[in-house]
>>> print(open('query_27.txt').read())   # compact mmCIF, C-alpha atoms
# COMPACT_ATOMS: atom_id res chain seq x y z
CA MET G 1 -41.47 5.64 41.45
CA SER G 2 -41.29 9.01 39.76
CA ASP G 3 -38.52 9.90 37.34
CA LEU G 4 -35.64 9.59 39.76
CA ILE G 5 -32.20 9.27 38.23
CA ILE G 6 -29.24 8.27 40.37
CA THR G 7 -25.66 8.88 39.27
CA ILE G 8 -22.82 6.99 40.91
CA ALA G 9 -19.25 8.21 40.77
CA ARG G 10 -16.77 5.90 42.45
CA GLN G 11 -13.20 5.36 43.50
CA ASN G 12 -11.61 2.38 41.77
CA GLY G 13 -12.02 -0.76 43.86
CA SER G 14 -14.73 0.73 46.09
CA GLY G 15 -17.45 -1.50 44.66
CA GLY G 16 -19.32 1.45 43.14
CA ARG G 17 -20.29 -0.50 40.03
CA GLU G 18 -21.77 -3.29 42.15
CA VAL G 19 -23.63 -0.70 44.26
CA GLY G 20 -25.14 0.66 41.04
CA LYS G 21 -26.29 -2.79 39.90
CA ILE G 22 -27.78 -3.72 43.28
CA LEU G 23 -29.46 -0.32 43.51
CA ALA G 24 -30.99 -0.69 40.04
CA ASP G 25 -32.29 -4.14 41.04
CA LEU G 26 -33.83 -2.72 44.24
CA LEU G 27 -35.48 0.10 42.29
CA LYS G 28 -36.38 -2.19 39.34
CA VAL G 29 -34.78 0.22 36.87
CA LYS G 30 -31.90 -0.06 34.40
CA CYS G 31 -28.28 0.46 35.37
CA TYR G 32 -26.21 2.05 32.60
CA ASP G 33 -22.51 1.46 32.57
CA GLN G 34 -21.09 -0.19 29.46
CA GLU G 35 -24.42 0.58 27.75
CA ILE G 36 -23.44 4.24 27.66
CA LEU G 37 -20.51 3.38 25.44
CA ALA G 38 -22.63 1.33 23.04
CA GLU G 39 -25.21 4.09 22.82
CA ALA G 40 -22.46 6.68 22.30
CA ALA G 41 -21.02 4.59 19.47
CA GLU G 42 -24.39 4.40 17.77
CA GLU G 43 -25.07 8.13 18.21
CA SER G 44 -21.68 9.28 17.04
CA GLY G 45 -20.75 6.77 14.42
CA ILE G 46 -17.43 6.25 16.23
CA SER G 47 -16.81 2.53 16.68
CA LEU G 48 -17.39 1.01 20.11
CA GLN G 49 -13.82 -0.26 20.13
CA GLU G 50 -12.48 3.22 19.46
CA ILE G 51 -14.66 4.72 22.19
CA GLU G 52 -13.55 2.09 24.69
CA GLN G 53 -9.91 2.75 23.88
CA LYS G 54 -10.27 6.49 24.17
CA GLU G 55 -12.60 6.48 27.16
CA GLU G 56 -10.97 7.72 30.37
CA ARG G 57 -7.53 7.33 28.72
CA THR G 58 -8.40 10.66 27.11
CA SER G 59 -7.22 12.28 30.32
CA ARG G 60 -3.68 11.21 29.56
CA THR G 61 -3.38 14.04 27.07
CA ASN G 62 -3.30 17.66 28.15
CA MET G 63 -2.75 16.58 31.74
CA PHE G 64 -1.86 20.07 32.82
CA PHE G 65 -4.79 21.82 31.22
CA TYR G 66 -6.92 23.40 33.93
CA GLY G 67 -9.77 24.92 31.91
CA ILE G 68 -12.31 23.17 29.76
CA PRO G 69 -10.80 22.15 26.45
CA ALA G 70 -12.51 22.11 23.10
CA PRO G 71 -15.20 19.41 23.04
CA ASN G 72 -13.82 15.96 22.52
CA PRO G 73 -15.96 13.80 20.19
CA VAL G 74 -15.93 10.85 22.60
CA PHE G 75 -17.03 12.99 25.57
CA VAL G 76 -19.71 14.68 23.45
CA ALA G 77 -20.99 11.31 22.22
CA GLN G 78 -21.10 9.94 25.76
CA SER G 79 -22.90 13.03 27.05
CA LYS G 80 -25.53 12.73 24.35
CA ALA G 81 -25.90 9.04 25.12
CA ILE G 82 -26.42 9.83 28.83
CA GLU G 83 -29.07 12.44 28.01
CA THR G 84 -30.84 10.07 25.64
CA LEU G 85 -30.86 7.24 28.16
CA ALA G 86 -32.00 9.58 30.97
CA SER G 87 -34.94 10.73 28.85
CA LYS G 88 -36.21 7.13 28.72
CA GLY G 89 -37.13 7.13 32.44
CA PRO G 90 -35.77 6.38 35.90
CA CYS G 91 -32.36 4.71 35.91
CA VAL G 92 -28.92 4.47 37.49
CA PHE G 93 -25.73 5.71 35.81
CA VAL G 94 -22.29 4.54 36.86
CA GLY G 95 -19.39 6.89 36.05
CA ARG G 96 -18.84 8.86 32.82
CA CYS G 97 -19.43 12.28 34.45
CA ALA G 98 -23.19 11.59 34.42
CA ASP G 99 -23.64 13.83 37.49
CA TYR G 100 -22.18 16.70 35.49
CA VAL G 101 -23.96 15.92 32.23
CA LEU G 102 -27.35 15.84 34.02
CA ARG G 103 -26.65 18.77 36.35
CA GLU G 104 -29.54 20.87 35.03
CA ARG G 105 -32.15 18.21 35.87
CA GLY G 106 -33.85 18.50 39.25
CA ASP G 107 -34.60 14.80 39.56
CA VAL G 108 -31.06 13.52 40.02
CA ILE G 109 -29.46 12.18 43.20
CA LYS G 110 -25.68 12.29 42.93
CA VAL G 111 -23.77 9.65 44.86
CA PHE G 112 -20.06 9.06 45.38
CA ILE G 113 -18.85 5.64 46.52
CA LYS G 114 -15.50 5.36 48.26
CA ALA G 115 -13.59 2.96 50.50
CA PRO G 116 -10.30 2.91 52.41
CA ILE G 117 -7.30 2.23 50.17
CA GLU G 118 -6.61 -1.14 51.86
CA ALA G 119 -10.12 -2.39 51.07
CA ARG G 120 -9.89 -1.15 47.49
CA VAL G 121 -6.54 -2.84 46.89
CA LYS G 122 -7.92 -6.10 48.28
CA ARG G 123 -11.02 -5.92 46.08
CA SER G 124 -9.02 -5.04 42.96
CA SER G 125 -6.50 -7.80 43.64
CA GLU G 126 -9.26 -10.42 43.96
CA ARG G 127 -11.32 -9.17 41.03
CA ASN G 128 -8.43 -8.86 38.60
CA GLY G 129 -6.35 -11.82 39.83
CA ILE G 130 -3.29 -9.65 40.43
CA SER G 131 -0.93 -9.14 43.38
CA GLU G 132 -1.72 -6.52 46.00
CA LYS G 133 1.27 -4.50 44.82
CA GLU G 134 -0.06 -4.50 41.25
CA ALA G 135 -3.56 -3.76 42.54
CA PHE G 136 -2.29 -0.75 44.48
CA ALA G 137 -0.73 0.70 41.33
CA ARG G 138 -3.87 -0.05 39.33
CA VAL G 139 -6.21 1.57 41.87
CA LYS G 140 -4.11 4.73 42.06
CA ASP G 141 -3.76 4.84 38.28
CA LYS G 142 -7.50 4.46 37.65
CA ASP G 143 -8.39 7.10 40.24
CA SER G 144 -5.91 9.46 38.70
CA GLU G 145 -7.39 8.86 35.23
CA ARG G 146 -10.91 9.50 36.51
CA ALA G 147 -9.92 12.64 38.36
CA LEU G 148 -8.15 14.06 35.32
CA TYR G 149 -10.93 13.06 32.94
CA TYR G 150 -13.57 14.61 35.21
CA GLN G 151 -11.66 17.83 35.76
CA ARG G 152 -10.78 18.15 32.11
CA TYR G 153 -14.37 18.05 30.91
CA THR G 154 -16.24 19.60 33.82
CA GLY G 155 -13.71 22.07 35.27
CA ILE G 156 -14.62 20.67 38.71
CA VAL G 157 -12.33 18.76 41.05
CA TRP G 158 -13.37 15.09 41.23
CA GLY G 159 -14.22 13.75 44.67
CA THR G 160 -15.09 17.06 46.31
CA VAL G 161 -18.00 16.73 48.73
CA ASP G 162 -19.77 19.70 47.14
CA ASN G 163 -20.45 17.68 43.99
CA TYR G 164 -22.55 15.00 45.64
CA ASP G 165 -25.76 14.59 47.62
CA LEU G 166 -24.46 11.51 49.36
CA THR G 167 -21.02 9.99 49.79
CA ILE G 168 -20.76 6.51 51.26
CA ASP G 169 -17.76 4.49 52.42
CA THR G 170 -18.37 0.82 51.60
CA GLY G 171 -15.38 -0.36 53.64
CA THR G 172 -17.40 -1.26 56.72
CA ILE G 173 -20.99 -1.55 55.53
CA GLY G 174 -20.40 -3.27 52.15
CA VAL G 175 -22.03 -2.73 48.75
CA GLU G 176 -25.52 -4.08 49.55
CA ASN G 177 -25.97 -1.81 52.54
CA ALA G 178 -24.65 1.13 50.54
CA ALA G 179 -27.36 0.49 47.92
CA LYS G 180 -30.00 0.29 50.68
CA LEU G 181 -28.77 3.56 52.18
CA ILE G 182 -29.17 5.28 48.80
CA VAL G 183 -32.74 3.98 48.59
CA GLU G 184 -33.36 5.39 52.09
CA TYR G 185 -31.92 8.76 51.04
CA ALA G 186 -34.15 8.77 47.94
CA ARG G 187 -37.21 8.05 50.09
CA MET G 188 -36.24 10.87 52.44
CA SER G 189 -35.97 13.12 49.39
CA GLY G 190 -39.64 12.49 48.67
CA TYR G 191 -39.43 9.79 46.00
CA GLU G 192 -42.01 7.05 46.37
CA ILE G 193 -40.08 3.83 46.12
CA MET T 1 -24.79 0.54 72.21
CA SER T 2 -21.06 -0.10 72.25
CA ASP T 3 -18.51 2.70 72.39
CA LEU T 4 -19.44 4.35 69.12
CA ILE T 5 -18.22 7.90 68.64
CA ILE T 6 -19.54 10.01 65.80
CA THR T 7 -17.75 13.11 64.58
CA ILE T 8 -19.56 15.70 62.52
CA ALA T 9 -17.75 18.20 60.33
CA ARG T 10 -20.02 20.64 58.56
CA GLN T 11 -20.30 23.47 56.10
CA ASN T 12 -21.55 26.66 57.70
CA GLY T 13 -25.33 26.94 57.41
CA SER T 14 -25.79 23.26 56.53
CA GLY T 15 -27.47 22.45 59.86
CA GLY T 16 -24.60 20.20 60.95
CA ARG T 17 -24.82 21.33 64.56
CA GLU T 18 -28.53 20.52 64.68
CA VAL T 19 -27.86 17.13 63.07
CA GLY T 20 -25.38 16.43 65.88
CA LYS T 21 -27.89 17.34 68.58
CA ILE T 22 -30.72 15.31 67.06
CA LEU T 23 -28.35 12.37 66.52
CA ALA T 24 -27.18 12.50 70.16
CA ASP T 25 -30.83 12.53 71.28
CA LEU T 26 -31.63 9.52 69.09
CA LEU T 27 -28.62 7.63 70.46
CA LYS T 28 -29.16 8.91 74.02
CA VAL T 29 -25.55 10.10 74.26
CA LYS T 30 -23.94 13.49 74.79
CA CYS T 31 -23.26 15.94 71.98
CA TYR T 32 -20.07 17.96 72.50
CA ASP T 33 -19.81 21.29 70.81
CA GLN T 34 -19.26 24.28 73.08
CA GLU T 35 -18.41 21.81 75.87
CA ILE T 36 -15.13 21.07 74.11
CA LEU T 37 -14.10 24.67 74.63
CA ALA T 38 -14.98 24.66 78.34
CA GLU T 39 -13.11 21.40 78.86
CA ALA T 40 -10.13 22.76 76.92
CA ALA T 41 -10.10 25.87 79.09
CA GLU T 42 -10.08 23.77 82.25
CA GLU T 43 -7.34 21.46 80.94
CA SER T 44 -5.08 24.19 79.67
CA GLY T 45 -5.60 27.01 82.12
CA ILE T 46 -6.30 29.32 79.16
CA SER T 47 -9.51 31.28 79.81
CA LEU T 48 -12.66 30.19 77.99
CA GLN T 49 -13.01 33.69 76.58
CA GLU T 50 -9.49 33.56 75.16
CA ILE T 51 -10.11 30.14 73.63
CA GLU T 52 -13.37 31.28 72.07
CA GLN T 53 -11.65 34.29 70.57
CA LYS T 54 -8.75 32.31 69.20
CA GLU T 55 -10.78 29.29 68.07
CA GLU T 56 -11.07 28.97 64.29
CA ARG T 57 -9.82 32.57 63.94
CA THR T 58 -6.39 30.99 64.43
CA SER T 59 -6.49 30.11 60.77
CA ARG T 60 -6.19 33.76 59.86
CA THR T 61 -2.49 33.65 60.61
CA ASN T 62 -0.03 31.75 58.45
CA MET T 63 -2.66 31.43 55.76
CA PHE T 64 -0.16 30.22 53.22
CA PHE T 65 1.54 27.64 55.38
CA TYR T 66 1.03 24.20 53.85
CA GLY T 67 2.70 21.94 56.40
CA ILE T 68 1.81 21.37 60.02
CA PRO T 69 3.03 24.24 62.15
CA ALA T 70 4.37 24.05 65.69
CA PRO T 71 1.57 23.05 68.08
CA ASN T 72 -0.73 25.89 68.98
CA PRO T 73 -1.81 25.87 72.67
CA VAL T 74 -5.48 26.30 71.82
CA PHE T 75 -5.46 23.43 69.32
CA VAL T 76 -3.52 21.22 71.75
CA ALA T 77 -5.96 22.03 74.57
CA GLN T 78 -8.94 21.27 72.36
CA SER T 79 -7.40 18.01 71.17
CA LYS T 80 -6.81 16.90 74.75
CA ALA T 81 -10.36 17.88 75.68
CA ILE T 82 -11.72 15.80 72.77
CA GLU T 83 -9.65 12.79 73.84
CA THR T 84 -10.79 13.16 77.46
CA LEU T 85 -14.45 13.48 76.50
CA ALA T 86 -14.16 10.52 74.08
CA SER T 87 -12.72 8.35 76.85
CA LYS T 88 -15.92 8.87 78.87
CA GLY T 89 -18.02 6.78 76.47
CA PRO T 90 -20.15 7.00 73.32
CA CYS T 91 -20.85 10.54 72.15
CA VAL T 92 -21.14 12.93 69.22
CA PHE T 93 -18.59 15.65 68.45
CA VAL T 94 -19.40 18.64 66.27
CA GLY T 95 -16.44 20.31 64.57
CA ARG T 96 -13.02 21.09 66.08
CA CYS T 97 -11.14 18.57 63.91
CA ALA T 98 -12.48 15.75 66.12
CA ASP T 99 -12.29 13.33 63.17
CA TYR T 100 -8.56 14.01 62.92
CA VAL T 101 -7.91 14.03 66.68
CA LEU T 102 -9.61 10.62 67.07
CA ARG T 103 -8.22 9.11 63.84
CA GLU T 104 -6.37 6.29 65.63
CA ARG T 105 -9.55 4.95 67.28
CA GLY T 106 -11.41 2.21 65.43
CA ASP T 107 -14.81 3.06 66.88
CA VAL T 108 -15.37 6.38 65.14
CA ILE T 109 -17.80 7.16 62.32
CA LYS T 110 -16.80 10.35 60.54
CA VAL T 111 -19.60 12.36 58.98
CA PHE T 112 -19.59 15.52 56.86
CA ILE T 113 -22.77 17.58 56.58
CA LYS T 114 -23.23 19.87 53.59
CA ALA T 115 -25.98 21.68 51.71
CA PRO T 116 -26.34 23.76 48.55
CA ILE T 117 -25.13 27.34 48.96
CA GLU T 118 -28.67 28.74 48.51
CA ALA T 119 -30.03 26.64 51.40
CA ARG T 120 -27.08 27.57 53.60
CA VAL T 121 -27.49 31.28 52.95
CA LYS T 122 -31.23 31.05 53.76
CA ARG T 123 -30.57 29.18 57.01
CA SER T 124 -27.81 31.57 58.08
CA SER T 125 -29.94 34.61 57.24
CA GLU T 126 -32.85 33.32 59.35
CA ARG T 127 -30.72 32.11 62.25
CA ASN T 128 -28.62 35.24 62.53
CA GLY T 129 -31.26 37.78 61.54
CA ILE T 130 -29.16 39.20 58.73
CA SER T 131 -29.78 39.90 55.04
CA GLU T 132 -29.10 37.20 52.46
CA LYS T 133 -26.22 39.25 51.12
CA GLU T 134 -24.64 39.40 54.59
CA ALA T 135 -25.41 35.72 55.13
CA PHE T 136 -23.66 34.79 51.88
CA ALA T 137 -20.50 36.60 53.02
CA ARG T 138 -20.74 35.01 56.47
CA VAL T 139 -21.19 31.47 55.12
CA LYS T 140 -18.21 31.82 52.77
CA ASP T 141 -16.10 33.40 55.49
CA LYS T 142 -16.86 30.68 58.05
CA ASP T 143 -16.19 27.89 55.56
CA SER T 144 -12.91 29.50 54.62
CA GLU T 145 -11.91 29.74 58.30
CA ARG T 146 -12.78 26.09 58.90
CA ALA T 147 -10.92 24.92 55.83
CA LEU T 148 -7.80 26.87 56.76
CA TYR T 149 -7.95 25.82 60.42
CA TYR T 150 -8.39 22.17 59.46
CA GLN T 151 -5.62 22.20 56.90
CA ARG T 152 -3.26 24.07 59.17
CA TYR T 153 -3.47 21.54 61.99
CA THR T 154 -4.08 18.31 60.13
CA GLY T 155 -2.25 18.82 56.83
CA ILE T 156 -5.39 17.47 55.12
CA VAL T 157 -7.72 19.34 52.79
CA TRP T 158 -11.06 19.98 54.51
CA GLY T 159 -14.13 18.64 52.73
CA THR T 160 -12.40 15.92 50.72
CA VAL T 161 -14.53 12.78 50.48
CA ASP T 162 -11.59 10.61 51.54
CA ASN T 163 -11.79 12.01 55.08
CA TYR T 164 -15.31 10.82 55.82
CA ASP T 165 -17.33 7.63 56.11
CA LEU T 166 -20.51 9.40 55.17
CA THR T 167 -21.30 12.77 53.60
CA ILE T 168 -24.90 13.94 53.56
CA ASP T 169 -26.56 16.87 51.84
CA THR T 170 -29.31 18.23 54.11
CA GLY T 171 -30.74 20.50 51.39
CA THR T 172 -33.49 18.11 50.35
CA ILE T 173 -33.85 15.65 53.23
CA GLY T 174 -33.41 18.07 56.18
CA VAL T 175 -31.54 17.71 59.46
CA GLU T 176 -33.79 15.10 61.14
CA ASN T 177 -33.55 12.70 58.23
CA ALA T 178 -29.80 13.26 58.06
CA ALA T 179 -29.53 12.20 61.73
CA LYS T 180 -31.66 9.12 61.01
CA LEU T 181 -29.48 8.21 58.04
CA ILE T 182 -26.38 8.35 60.26
CA VAL T 183 -28.08 6.00 62.74
CA GLU T 184 -28.84 3.65 59.85
CA TYR T 185 -25.20 3.77 58.71
CA ALA T 186 -24.05 3.04 62.27
CA ARG T 187 -26.40 0.01 62.44
CA MET T 188 -25.06 -1.21 59.10
CA SER T 189 -21.55 -0.85 60.54
CA GLY T 190 -22.47 -3.37 63.23
CA TYR T 191 -23.29 -1.12 66.15
CA GLU T 192 -26.30 -2.22 68.17
CA ILE T 193 -28.45 0.85 68.50
>>> encode(input="query_27.txt", output="C-alpha cells")
Amino acid sequence: MSDLIITIARQNGSGGREVGKILADLLKVKCYDQEILAEAAEESGISLQEIEQKEERTSRTNMFFYGIPAPNPVFVAQSKAIETLASKGPCVFVGRCADYVLRERGDVIKVFIKAPIEARVKRSSERNGISEKEAFARVKDKDSERALYYQRYTGIVWGTVDNYDLTIDTGTIGVENAAKLIVEYARMSGYEI
Amino acid sequence: MSDLIITIARQNGSGGREVGKILADLLKVKCYDQEILAEAAEESGISLQEIEQKEERTSRTNMFFYGIPAPNPVFVAQSKAIETLASKGPCVFVGRCADYVLRERGDVIKVFIKAPIEARVKRSSERNGISEKEAFARVKDKDSERALYYQRYTGIVWGTVDNYDLTIDTGTIGVENAAKLIVEYARMSGYEI
C-alpha cells in the first residue's frame, strides 16, 4: 500500500484501541499507542513515567480555558513523536490528537470509534474488573478528560463529525467489522490495499 | 431483507440526498424525501405549499431557545408522516429529523453524510448554477437552518457523533461508494441484504 496513515480517536470503552490493532494487522503496518509515549520520552528527555502521569490528566488544569494555551512540553513531545513515527511509513495511530497533529498531510484517514453508553460500560466493567456503576463513572471521566485535552490543544471540539472522515459505532457490528469497514473506506479512497 | 430503516442526515452540499437515492436503489426500497412533505400535508390538512415554506425555515424563530418548545404543527405532521411511512416497510429517509422521530425503533441505522467545505461549495455551485461565493453562503445558511431546526425539536445538537451509527465523508470516496459502505454496515449489523 502507499503511505496511508490512519488515526483513530475513540470514546472510552468503544473498543477503539482494539479496532486500531486489528486494522494494523489487516494492513500489515504498525499500530502506535503506548509507543507514542516512549518515543516522546526519548525525544523530550522527560521520563516515560512523568509523561504517562501527565498525559490526558493535563486537561484537569485550566479546564475553563477556551483558546489554545502556551505549548505544554508533554503535548509538544507527543506531537513530535507522532510526526517522527508517521515519517517512517504507513501506520495506525490511536488517540493523542494524532488527527490534529497530522492535519497538514494529505495521506491521512481520520476515524472516530464510538458505541452506545451501555455497551461501553459493559466493556469497561469486564476489561477493568469493576462494577457497572464504577465503569459508568470511569467511562464518563475518561471521555471528559479526552474532550478537554483535545479542545485545549487543538481549539476544536472533540467528537464533532466535521473532524473525521469516518465515524463508526461498534455497538452492533463489533471491533473486527469496524476494522474491515475502515479498510473498505481506504480502498474506496484509492489506496491499494 | 428484514424491516431495516435507514435515516440519512446530511450537511448541505455533501451529496446526502443522492446517497439516499442510490442506497434505496441498491436495497430496492423507497427513499422518502419530498414524499414526507406530501404525506404530512395529507395527514395534517396543512397545504403542501405551506409546509414547504415553513419547513426548516421554522428554525428562524426562537433561535435562542434551548429547550424543546411547544409542538409545532408542521413538525408534528412531518413526524406522523415519517412514522406512517416507516410502518409500511423497509425504506430510506433523508433529513427531517427522521433519526430522532424513529429513535424508539430497534431496526434503524442512523447515518450522517458530510464532506469538506470546499467540496460542498463546488457541488452546490454546480447544482444550483450559482457562483462559489454565493454557494458558500448558501451552504452555511442551510447547515445553520438544519442545526437550529434539529436542536429546536429534538433538544440534541445536530452533527454530534453520538447521534449516528455511521458518519461518512463523501469528499474522497463519492456518493456511490458511500451508499455501498452503508450497505456493508447494514450487512455487518446482521441484516440480510
>>> closest_atom_pairs(input="query_27.txt", of="chain G", to="chain T", cutoff="9 Å", atoms="all atoms listed in the file", output="Markdown table")
| residue | atom | partner | partner_atom | distance |
| --- | --- | --- | --- | --- |
| G:Phe112 | CA | T:Val161 | CA | 8.4 |
| G:Lys114 | CA | T:Asp162 | CA | 7.3 |
| G:Ala115 | CA | T:Asp162 | CA | 8.0 |
| G:Pro116 | CA | T:Asp162 | CA | 7.9 |
| G:Gly159 | CA | T:Val161 | CA | 5.9 |
| G:Thr160 | CA | T:Thr160 | CA | 5.3 |
| G:Val161 | CA | T:Val161 | CA | 5.5 |
| G:Asp162 | CA | T:Lys114 | CA | 7.3 |
| G:Tyr164 | CA | T:Asp169 | CA | 7.6 |
| G:Asp165 | CA | T:Asp169 | CA | 4.9 |
| G:Leu166 | CA | T:Ile168 | CA | 4.9 |
| G:Thr167 | CA | T:Thr167 | CA | 4.7 |
| G:Ile168 | CA | T:Leu166 | CA | 4.9 |
| G:Asp169 | CA | T:Asp165 | CA | 4.9 |
| G:Thr170 | CA | T:Asp165 | CA | 8.2 |
| G:Gly171 | CA | T:Asp165 | CA | 8.6 |
| G:Thr172 | CA | T:Ser189 | CA | 5.7 |
| G:Ile173 | CA | T:Ser189 | CA | 5.1 |
| G:Gly174 | CA | T:Met188 | CA | 8.6 |
| G:Asn177 | CA | T:Met188 | CA | 6.6 |
| G:Ala178 | CA | T:Tyr185 | CA | 8.6 |
| G:Leu181 | CA | T:Tyr185 | CA | 7.4 |
| G:Glu184 | CA | T:Leu181 | CA | 7.6 |
| G:Tyr185 | CA | T:Leu181 | CA | 7.4 |
| G:Ala186 | CA | T:Ile173 | CA | 8.7 |
| G:Arg187 | CA | T:Ile173 | CA | 8.9 |
| G:Met188 | CA | T:Ile173 | CA | 5.4 |
| G:Ser189 | CA | T:Ile173 | CA | 5.1 |
| G:Gly190 | CA | T:Ile173 | CA | 8.0 |
>>> atom_distance(input="query_27.txt", atom1="atom CA of Glu18 of chain G", atom2="atom CA of Gln34 of chain G")
13.1 Å
>>> closest_residue(input="query_27.txt", among="T:Ala119, T:Val157, T:Ala147, T:Ile82", to="Leu102 of chain T", atoms="all atoms listed in the file")
T:Ile82
>>> residues_around(input="query_27.txt", residues="Ala81 of chain T", least_positions_apart="2", cutoff="6 Å", atoms="all atoms listed in the file", output="PyMOL selection string")
chain T and resi 36+39-40+78-79+83-84
>>> closest_residue(input="query_27.txt", among="G:Ile109, G:Ala38, G:Val76, G:Ala179", to="Arg17 of chain G", atoms="all atoms listed in the file")
G:Ala179
>>> atom_distance(input="query_27.txt", atom1="atom CA of Lys142 of chain G", atom2="atom CA of Leu23 of chain G")
23.2 Å
>>> residues_around(input="query_27.txt", residues="Lys28 of chain T", least_positions_apart="4", cutoff="12 Å", atoms="only C-alpha atoms", output="short mmCIF file (atom, residue, chain, number, x, y, z; two decimals) with C-alpha atoms, in the coordinates of the input")
data_model
loop_
_atom_site.label_atom_id
_atom_site.label_comp_id
_atom_site.auth_asym_id
_atom_site.auth_seq_id
_atom_site.Cartn_x
_atom_site.Cartn_y
_atom_site.Cartn_z
CA MET T 1 -24.79 0.54 72.21
CA LEU T 4 -19.44 4.35 69.12
CA GLY T 20 -25.38 16.43 65.88
CA LYS T 21 -27.89 17.34 68.58
CA ILE T 22 -30.72 15.31 67.06
CA LEU T 23 -28.35 12.37 66.52
CA ALA T 24 -27.18 12.50 70.16
CA GLY T 89 -18.02 6.78 76.47
CA PRO T 90 -20.15 7.00 73.32
CA CYS T 91 -20.85 10.54 72.15
CA VAL T 92 -21.14 12.93 69.22
CA VAL T 183 -28.08 6.00 62.74
CA ILE T 193 -28.45 0.85 68.50
#
>>> atom_distance(input="query_27.txt", atom1="atom CA of Arg103 of chain T", atom2="atom CA of Val19 of chain T")
21.2 Å
>>> residues_around(input="query_27.txt", residues="segment 45-49 of chain G", least_positions_apart="6", cutoff="10 Å", atoms="all atoms listed in the file", output="number ranges by chain")
G: 37-39, 55, 73-74, 77
>>> residues_near_point(input="query_27.txt", point="(-16.8, 10.0, 69.5)", cutoff="10 Å", atoms="all atoms listed in the file", output="PyMOL selection string")
chain T and resi 3-8+29-32+82-83+85-94+98-99+102+105+107-110
